[in-house]
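Participant: Structure incoming, see below.
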Amino acid sequence: MRGIGRKILRYVRPYRGRFVTTLVQIFMIGACDLLKPWPLQIVVDDALGGRHADLPMVGGWSPMALAAGACLALVLIHLASGVLTVFYNWSSIALGQRMVTDLRGDLYAHLQRLSLAFHTKQKVGDLLMRITGDSYAVQTMIMNGLLPILSALILLIGMILVLTPIDPLLTAVSLSIVPVLFVLIAIFNRKIAGVATAARDNDSHVYSVVQWGMGSIKHIQAFAKEDEEYRRFMAASGAALRSHLRLYAWQTSYSAAINAMVACGTALVIFAGAREVLDGSLSLGQLLVFIAYLAQLYAPINQITQSWSMIAGARVGATRCFEVLETDPDLADGTASFPPTGAAGRIEWRQAGFHYRPELPVLRGIDLVVEPGQTVALVGATGAGKSTLLGLLPRFYDPTAGQVLIDGVDLKEYRLRALRNQIAMVLQPPLIFPLSVRDNIAYGRPSATIEEIRDAARLARIDRMIDQLPQGYDTVIGESGATLSEGEKQRLTIARALLRQAPILILDEPTSALDTETEALVMQAVERLTKGRTTFVIAHRLSTIRRADRILVLKDGVIAEAGSFSELMQIGKLFATLYNTQFAPVGDSHVGA
């Protein structure tokens with residue numbers, strides 16, 4: 001708890017002034033609470049009991065005037081307490097919300113810096129839960145935990161100081177149950193923390209199921225799996241419900257046990273106080289004040305227990321947040337930069353290897369040199385390692401063996417931002433943002449002018465479609481490009497890469513969703529784009545790579561063949577087999593069927 005507390009306090013420091021103001025308000029509210037019972041004693045003992053003549057300040061007051069003054073004081077005290085409470089609630093909520101915003105920002109920024117190797121092992125729904133749900137733990141621990149405990153401690157200490165002079169015996173009796181209360185706190189909080197952890201994990205699983213279902217809605221409907229996915233969701237939701245009911249059961253039992261002990265303490269005080277009133281050692285007004293204080297005395301103790309319970313529950317969420325923040329980026333940032341003119345574009349793999357799992361290598365001993373301005377095509381069966389090989393260039397991953405260099409410098413020595421600014425990519429599946437067409441094309445180069453954006457769209461052969469949209473380039477595209485066809489989304493991402501004007505270009509199946517006519521037009525634009533740039537093309541349509549300077553055939557994580565189109569066709573091995581199979585006459589493809 002201490003470790004989590006220190007981490008939480010880091011988010012308090014930027015708002016020290018607001019925090020101090022909140023503490024001052026707590027002290028003032030505590031002072032008002034300590035004053036609340038005293039008008040009652042003045043009414044009972046002085047106005048009704050006739051002791052007002054002994055008070056120098058009110059000796060000339062009539063009993064009714066004294067009672068009226070006490071009632072007015074009671075109203076003013078409660079009014080002041082109410083006003084202060086309003087300001088306190090506003091200050092504490094504002095403080096908590098600012099802390100939540102800061103923690104969310106840190107979480108989101110840190111997740112952006114973690115590599116794809118980290119993200120491929122995580123559930124998106126779980127990360128969403130940590131950012132949107134668990135981040136509230138800092139607000140809970142401060143606004144619903146620390147501040148109420150401070151307020152309760154101030155009130156508790158003040159009441160003890162006030163009650164002890166009135167009657168030390170009754171004060172001791174009222175405090176006799178405090179040790180038992182704190183034993184209950186220790187027992188219940190340990191159990192509640194474990195149950196709260198399970199509830200959080202189940203909530204996170206629900207988020208993951210929903211995220212997957214919403215992201216896969218087309219496939220779910222295509223395979224008529226709506227009922228099955230509903231059952232999957234209800235199973236996850238039911239598990240979350242059961243864990244929360246268990247948590248609520250423990251929290252309710254906790255409150256019931258605390259309330260029972262408070263009732264025992266109150267009964268003891270009333271019994272002992274009644275005896276003292278009958279003996280004449282305590283006035284009725286003092287007993288009423290004592291009982292009024294007693295309700296407030298146990299209230300802060302109960303507040304401490306309840307707040308500590310909330311802290312114990314929130315600690316689970318805070319721990320989940322700091323687990324992410326304390327995950328070290330597995331891609332250390334370098335210090336080297338590129339010259340103002342950008343990278344020359346000479347790229348080299350030296351005995352590069354990569355594996356997601358030690359027992360399953362994806363790339364093995366890749367030795368490859370690509371000269372500036374060359375266009376290199378990668379072909380091979382699915383899973384051969386094509387995308388992984390090119391994913392090493394922007395450092396989506398680091399090689400688990402060997403090196404990758406640009407212009408003779410190991411990629412690890414470059415600053416990540418500087419490195420990725422040298423690379424334009426068209427990836428699969430095409431990623432479209434719920435922004436305007438203009439913003440989608442200019443995503444990698446926000447400073448581009450509208451004329452440059454139009455030129456890129458024209459080269460990608462998508463300008464006519466954009467002109468037909470209701471607001472043209474200012475038309476907002478639906479979530480994940482739902483309002484566009486697959487071919488339109490593909491061309492939009494090509495326009496984005498064209499506009500970036502980076503010296504290194506990666507095209508991952510750039511024409512996979514295009515018809516033959518549009519493919520020919522886009523490839524003309526791509527050929528103009530690749531001039532003077534080091535270009536890599538992953539292609540399953542082998543017709544698109546005839547003009548590549550080199551073609552690499554990957555098989556089982558190694559470069560099995562390399563050469564130009566004519567050279568590989570002349571060799572007549574792997575590439576020739578792939579090409580002939582893809583362009584075999586329709587009748588031949590069914591031989592032996």
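Scheme for the structure tokens: letters A, B, ... for chains in order shown; per-chain residue numbers from 1; ligand numbers from 1 in order shown.
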May I have the residues within 12 Å of Ile142 (chain A) as a PDB file with C-alpha atoms, in the first residue's frame, using only C-alpha atoms and disregarding those fewer than 2 positions away in the same chain?
Facilitator:
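Output (around_27.pdb):
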```pdb
ATOM      1  CA  ILE A   4       1.130   2.479  -4.394  1.00  0.00           C
ATOM      2  CA  GLY A   5       0.646   5.550  -2.184  1.00  0.00           C
ATOM      3  CA  ILE A   8      -0.282   8.126  -6.442  1.00  0.00           C
ATOM      4  CA  LEU A   9       1.231  11.129  -4.673  1.00  0.00           C
ATOM      5  CA  ARG A  10       3.291  11.841  -7.807  1.00  0.00           C
ATOM      6  CA  TYR A  11       0.025  12.844  -9.432  1.00  0.00           C
ATOM      7  CA  VAL A  12      -0.850  15.135  -6.513  1.00  0.00           C
ATOM      8  CA  PHE A  19      -4.604  20.115  -2.380  1.00  0.00           C
ATOM      9  CA  THR A  22      -8.831  21.323   0.133  1.00  0.00           C
ATOM     10  CA  LEU A  23      -7.078  20.535   3.432  1.00  0.00           C
ATOM     11  CA  SER A  91     -12.202  21.196  -5.019  1.00  0.00           C
ATOM     12  CA  SER A  92     -11.726  17.493  -4.288  1.00  0.00           C
ATOM     13  CA  ILE A  93     -13.587  16.375  -7.429  1.00  0.00           C
ATOM     14  CA  ALA A  94     -11.600  18.819  -9.588  1.00  0.00           C
ATOM     15  CA  LEU A  95      -8.371  17.538  -8.025  1.00  0.00           C
ATOM     16  CA  GLY A  96      -9.358  13.906  -8.586  1.00  0.00           C
ATOM     17  CA  GLN A  97     -10.452  14.447 -12.189  1.00  0.00           C
ATOM     18  CA  ARG A  98      -7.214  16.235 -13.052  1.00  0.00           C
ATOM     19  CA  MET A  99      -5.238  13.351 -11.598  1.00  0.00           C
ATOM     20  CA  VAL A 100      -7.292  10.851 -13.613  1.00  0.00           C
ATOM     21  CA  TYR A 136     -10.234   6.285 -11.729  1.00  0.00           C
ATOM     22  CA  ALA A 137      -8.358   4.567  -8.910  1.00  0.00           C
ATOM     23  CA  VAL A 138      -6.250   7.686  -8.316  1.00  0.00           C
ATOM     24  CA  GLN A 139      -9.385   9.768  -7.815  1.00  0.00           C
ATOM     25  CA  THR A 140     -10.930   7.143  -5.546  1.00  0.00           C
ATOM     26  CA  ASN A 144     -12.844   8.957  -1.534  1.00  0.00           C
ATOM     27  CA  GLY A 145      -9.946   7.638   0.501  1.00  0.00           C
ATOM     28  CA  LEU A 146      -7.175   9.921   1.726  1.00  0.00           C
ATOM     29  CA  LEU A 147      -9.155  13.166   2.092  1.00  0.00           C
ATOM     30  CA  PRO A 148     -12.121  11.596   3.959  1.00  0.00           C
ATOM     31  CA  ILE A 149      -9.680   9.794   6.265  1.00  0.00           C
ATOM     32  CA  LEU A 150      -7.892  13.085   7.002  1.00  0.00           C
ATOM     33  CA  SER A 151     -11.235  14.761   7.626  1.00  0.00           C
ATOM     34  CA  SER A 307     -12.587   4.903   3.139  1.00  0.00           C
ATOM     35  CA  TRP A 308      -9.932   2.334   3.875  1.00  0.00           C
ATOM     36  CA  MET A 310     -12.470   1.942  -0.860  1.00  0.00           C
ATOM     37  CA  ILE A 311      -8.700   2.450  -0.908  1.00  0.00           C
ATOM     38  CA  ALA A 314      -9.040   1.081  -5.684  1.00  0.00           C
ATOM     39  CA  ARG A 315      -5.549  -0.235  -5.040  1.00  0.00           C
ATOM     40  CA  ALA A 318      -4.049   1.496  -9.425  1.00  0.00           C
TER      41      ALA A 318
END
```
Participant: Identify, on the basis of only C-alpha atoms, every residue whose closest approach to region 380-386 of chain A does not exceed 8 Å; exclude the query and any residue fewer than 4 positions from it along the same chain; express the result as a compact mmCIF listing (two decimals) with C-alpha atoms, in the first residue's frame.
Facilitator:
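Generated file (selection-v1.txt):
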```
# COMPACT_ATOMS: atom_id res chain seq x y z
CA VAL A 362 10.26 -16.58 -38.17
CA LEU A 363 13.47 -15.28 -39.79
CA LEU A 390 10.05 -5.41 -43.41
CA ILE A 538 5.09 -7.41 -50.64
CA HIS A 540 0.74 -11.92 -53.85
CA VAL A 553 11.41 -15.50 -52.52
CA LEU A 554 11.07 -16.27 -48.82
CA LYS A 555 10.48 -19.75 -47.56
CA ASP A 556 10.58 -20.94 -43.95
CA GLY A 557 12.21 -17.70 -42.79
```
Participant: Do you know which residues are at most 12 Å from Ser447 (chain A) counting only C-alpha atoms, after dropping those on the same chain fewer than 6 positions away, and could you put them as a ChimeraX atom specification?
Facilitator: /A:438-439,441,453,499-500
Participant: Emit the selected residues as an mmCIF file, in the first residue's frame, including C-alpha atoms.
Facilitator:
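Listed below is the output, result-v2.cif:
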```cif
data_model
loop_
_atom_site.group_PDB
_atom_site.id
_atom_site.type_symbol
_atom_site.label_atom_id
_atom_site.label_comp_id
_atom_site.auth_asym_id
_atom_site.auth_seq_id
_atom_site.Cartn_x
_atom_site.Cartn_y
_atom_site.Cartn_z
ATOM 1 C CA ARG A 438 -8.092 15.642 -46.073
ATOM 2 C CA ASP A 439 -6.885 14.596 -42.601
ATOM 3 C CA ILE A 441 -4.410 11.662 -46.568
ATOM 4 C CA ILE A 453 -3.142 16.544 -50.933
ATOM 5 C CA LEU A 499 2.114 12.561 -49.747
ATOM 6 C CA ARG A 500 4.654 11.597 -47.078
#
```
Participant: DSSP says strand (DSSP E or B) for which residues of region 280-450 of chain A? Put them as an NGL selection string?
Facilitator: :A and (336 or 347-357 or 360-370 or 375-380 or 401-406 or 409-410 or 414 or 423-426 or 436)
Participant: Please run DSSP on the backbone and report, as a PyMOL selection string, all residues within region 524-587 of chain A that come out as alpha helix (DSSP H).
Facilitator: chain A and resi 524-530+565-571+574-582
Participant: How would the residues just picked look written out with C-alpha atoms as a CSV table (one decimal), in the first residue's frame?
Facilitator:
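Resulting contents of result30.csv:
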```csv
chain,number,residue,atom,x,y,z
A,524,GLN,CA,1.7,3.7,-62.8
A,525,ALA,CA,1.5,6.1,-59.9
A,526,VAL,CA,3.5,3.8,-57.7
A,527,GLU,CA,6.2,3.5,-60.3
A,528,ARG,CA,6.5,7.3,-60.4
A,529,LEU,CA,6.6,7.4,-56.7
A,530,THR,CA,9.4,4.8,-56.4
A,565,PHE,CA,11.9,-11.4,-62.8
A,566,SER,CA,13.6,-12.8,-66.0
A,567,GLU,CA,16.4,-14.4,-64.0
A,568,LEU,CA,14.0,-16.2,-61.7
A,569,MET,CA,11.8,-17.3,-64.5
A,570,GLN,CA,14.8,-18.6,-66.4
A,571,ILE,CA,15.9,-20.6,-63.3
A,574,LEU,CA,10.3,-21.6,-56.7
A,575,PHE,CA,9.3,-18.2,-58.2
A,576,ALA,CA,8.6,-19.7,-61.6
A,577,THR,CA,6.4,-22.3,-60.0
A,578,LEU,CA,4.5,-19.7,-58.0
A,579,TYR,CA,4.1,-17.5,-61.2
A,580,ASN,CA,3.0,-20.3,-63.4
A,581,THR,CA,0.5,-21.6,-60.8
A,582,GLN,CA,-1.0,-18.1,-60.5
```
Participant: Please indicate the distance in Å from CA of Tyr293 (chain A) to CA of Leu163 (chain A), rounded to one decimal place.
Facilitator: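 Atom-to-atom, CA of Tyr293 (chain A) to CA of Leu163 (chain A), that is 8.0 Å.
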Participant: For Leu378 (chain A), which residue out of A:Pro339, A:Pro179, A:Gly563, A:Pro434 is the nearest one, using only C-alpha atoms?
Facilitator: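 Closest candidate: A:Gly563.
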Participant: Could you tell me which of A:Leu484, A:Met143, A:Ala196, A:Val537 comes closest to Gln374 (chain A) if we count only C-alpha atoms?
Facilitator: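 Under the stated criterion, the closest residue is A:Val537.
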Participant: Set the distance at 10 Å and use only C-alpha atoms: which residues neighbour Ile504 (chain A) once local chain neighbours fewer than 5 positions away are removed? I'd like the list as JSON, numbers by chain.
Facilitator: {"A": [342, 343, 344, 345, 346, 347, 372, 373, 374, 375, 393, 420, 421, 422, 423, 424, 425, 530, 532, 533, 534, 535, 536]}
Participant: Do a neighbour search on region 103-115 of chain A at 8 Å with only C-alpha atoms, toss out local chain neighbours closer than 5 positions, and write the hits as a PyMOL selection string.
Facilitator: chain A and resi 11+131-132+135+321+324-325+328-331+396-397
Participant: Restricting the output to N, CA and C atoms, write the selected residues as a PDB file, in the first residue's frame.
Facilitator:
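New file result08.pdb:
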```
ATOM      1  N   TYR A  11       1.059  12.155  -8.654  1.00  0.00           N
ATOM      2  CA  TYR A  11       0.025  12.844  -9.432  1.00  0.00           C
ATOM      3  C   TYR A  11      -0.644  13.960  -8.631  1.00  0.00           C
ATOM      4  N   ILE A 131      -7.157   1.972 -19.082  1.00  0.00           N
ATOM      5  CA  ILE A 131      -7.129   3.411 -19.364  1.00  0.00           C
ATOM      6  C   ILE A 131      -8.416   4.082 -18.917  1.00  0.00           C
ATOM      7  N   THR A 132      -9.554   3.491 -19.248  1.00  0.00           N
ATOM      8  CA  THR A 132     -10.835   4.170 -19.011  1.00  0.00           C
ATOM      9  C   THR A 132     -11.429   3.880 -17.638  1.00  0.00           C
ATOM     10  N   SER A 135      -8.051   3.780 -14.280  1.00  0.00           N
ATOM     11  CA  SER A 135      -7.420   5.080 -14.017  1.00  0.00           C
ATOM     12  C   SER A 135      -8.181   5.888 -12.967  1.00  0.00           C
ATOM     13  N   CYS A 321      -2.860  -0.148 -13.404  1.00  0.00           N
ATOM     14  CA  CYS A 321      -2.349   0.997 -14.179  1.00  0.00           C
ATOM     15  C   CYS A 321      -0.827   1.060 -14.117  1.00  0.00           C
ATOM     16  N   VAL A 324       1.306  -1.289 -16.222  1.00  0.00           N
ATOM     17  CA  VAL A 324       1.575  -0.832 -17.588  1.00  0.00           C
ATOM     18  C   VAL A 324       2.678   0.218 -17.588  1.00  0.00           C
ATOM     19  N   LEU A 325       2.553   1.217 -16.698  1.00  0.00           N
ATOM     20  CA  LEU A 325       3.525   2.307 -16.681  1.00  0.00           C
ATOM     21  C   LEU A 325       4.936   1.813 -16.347  1.00  0.00           C
ATOM     22  N   ASP A 328       8.891  -1.649 -19.038  1.00  0.00           N
ATOM     23  CA  ASP A 328       9.956  -0.935 -19.754  1.00  0.00           C
ATOM     24  C   ASP A 328       9.779  -1.104 -21.255  1.00  0.00           C
ATOM     25  N   PRO A 329       9.895  -0.019 -22.013  1.00  0.00           N
ATOM     26  CA  PRO A 329       9.843  -0.147 -23.474  1.00  0.00           C
ATOM     27  C   PRO A 329      10.942  -1.081 -23.950  1.00  0.00           C
ATOM     28  N   ASP A 330      10.570  -2.090 -24.733  1.00  0.00           N
ATOM     29  CA  ASP A 330      11.581  -3.032 -25.199  1.00  0.00           C
ATOM     30  C   ASP A 330      12.306  -2.514 -26.432  1.00  0.00           C
ATOM     31  N   LEU A 331      11.943  -1.309 -26.882  1.00  0.00           N
ATOM     32  CA  LEU A 331      12.661  -0.647 -27.969  1.00  0.00           C
ATOM     33  C   LEU A 331      13.327   0.607 -27.407  1.00  0.00           C
ATOM     34  N   PHE A 396       9.259  -1.914 -35.683  1.00  0.00           N
ATOM     35  CA  PHE A 396       8.106  -2.472 -35.003  1.00  0.00           C
ATOM     36  C   PHE A 396       8.591  -3.547 -34.033  1.00  0.00           C
ATOM     37  N   TYR A 397       9.649  -4.234 -34.449  1.00  0.00           N
ATOM     38  CA  TYR A 397      10.344  -5.199 -33.613  1.00  0.00           C
ATOM     39  C   TYR A 397      11.842  -4.977 -33.822  1.00  0.00           C
TER      40      TYR A 397
END
```
Participant: Would you mind reading off the distance between CA of Val426 (chain A) and CA of Glu517 (chain A), one decimal, in Å?
Facilitator: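 Interatomic distance here is 19.7 Å.
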Participant: Report, in Å to a single decimal, how far apart CA of Ile154 (chain A) and CA of Gly317 (chain A) are.
Facilitator: 28.1 Å
Participant: Show me a table, sorted first by chain and then by increasing residue number, of the residues of region 130-199 of chain A having an atom at most 9 Å from region 30-39 of chain A, each with its shortest atom pair and the distance in Å to one decimal, counting only C-alpha atoms and written as a Markdown table.
Facilitator:
```
| residue | atom | partner | partner_atom | distance |
| --- | --- | --- | --- | --- |
| A:Ser151 | CA | A:Gly30 | CA | 6.9 |
| A:Ala152 | CA | A:Gly30 | CA | 8.3 |
| A:Ile154 | CA | A:Gly30 | CA | 6.6 |
| A:Leu155 | CA | A:Gly30 | CA | 5.3 |
| A:Gly158 | CA | A:Leu34 | CA | 7.1 |
| A:Met159 | CA | A:Leu34 | CA | 6.7 |
| A:Val162 | CA | A:Leu34 | CA | 8.2 |
```
Participant: For each of A:Pro430, A:Ala401, A:Asp407, A:Ile366, take the minimum atom-to-atom distance to Ala560 (chain A), counting only C-alpha atoms, then give the residue where this is smallest.
Facilitator: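 Between A:Pro430, A:Ala401, A:Asp407, A:Ile366, the residue approaching Ala560 (chain A) most closely is A:Ile366.
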Participant: Using only C-alpha atoms for the distances, tell me which of A:Ala539, A:Val210, A:Leu184, A:Ala502 is nearest to Thr341 (chain A).
Facilitator: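 Residue with the minimum atom-to-atom distance to Thr341 (chain A): A:Ala502.
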Participant: Pick the closest to Gly194 (chain A) from A:Gly313, A:Pro14, A:Gly280, A:Gly213: which is it, counting only C-alpha atoms?
Facilitator: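 With only C-alpha atoms as the atom set, the closest residue is A:Gly313.
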Participant: From the list A:Ala263, A:Ile506, A:Ile166, A:Ala67, which residue is nearest Val289 (chain A) when using only C-alpha atoms?
Facilitator: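 Nearest candidate to Val289 (chain A) out of A:Ala263, A:Ile506, A:Ile166, A:Ala67: A:Ile166.
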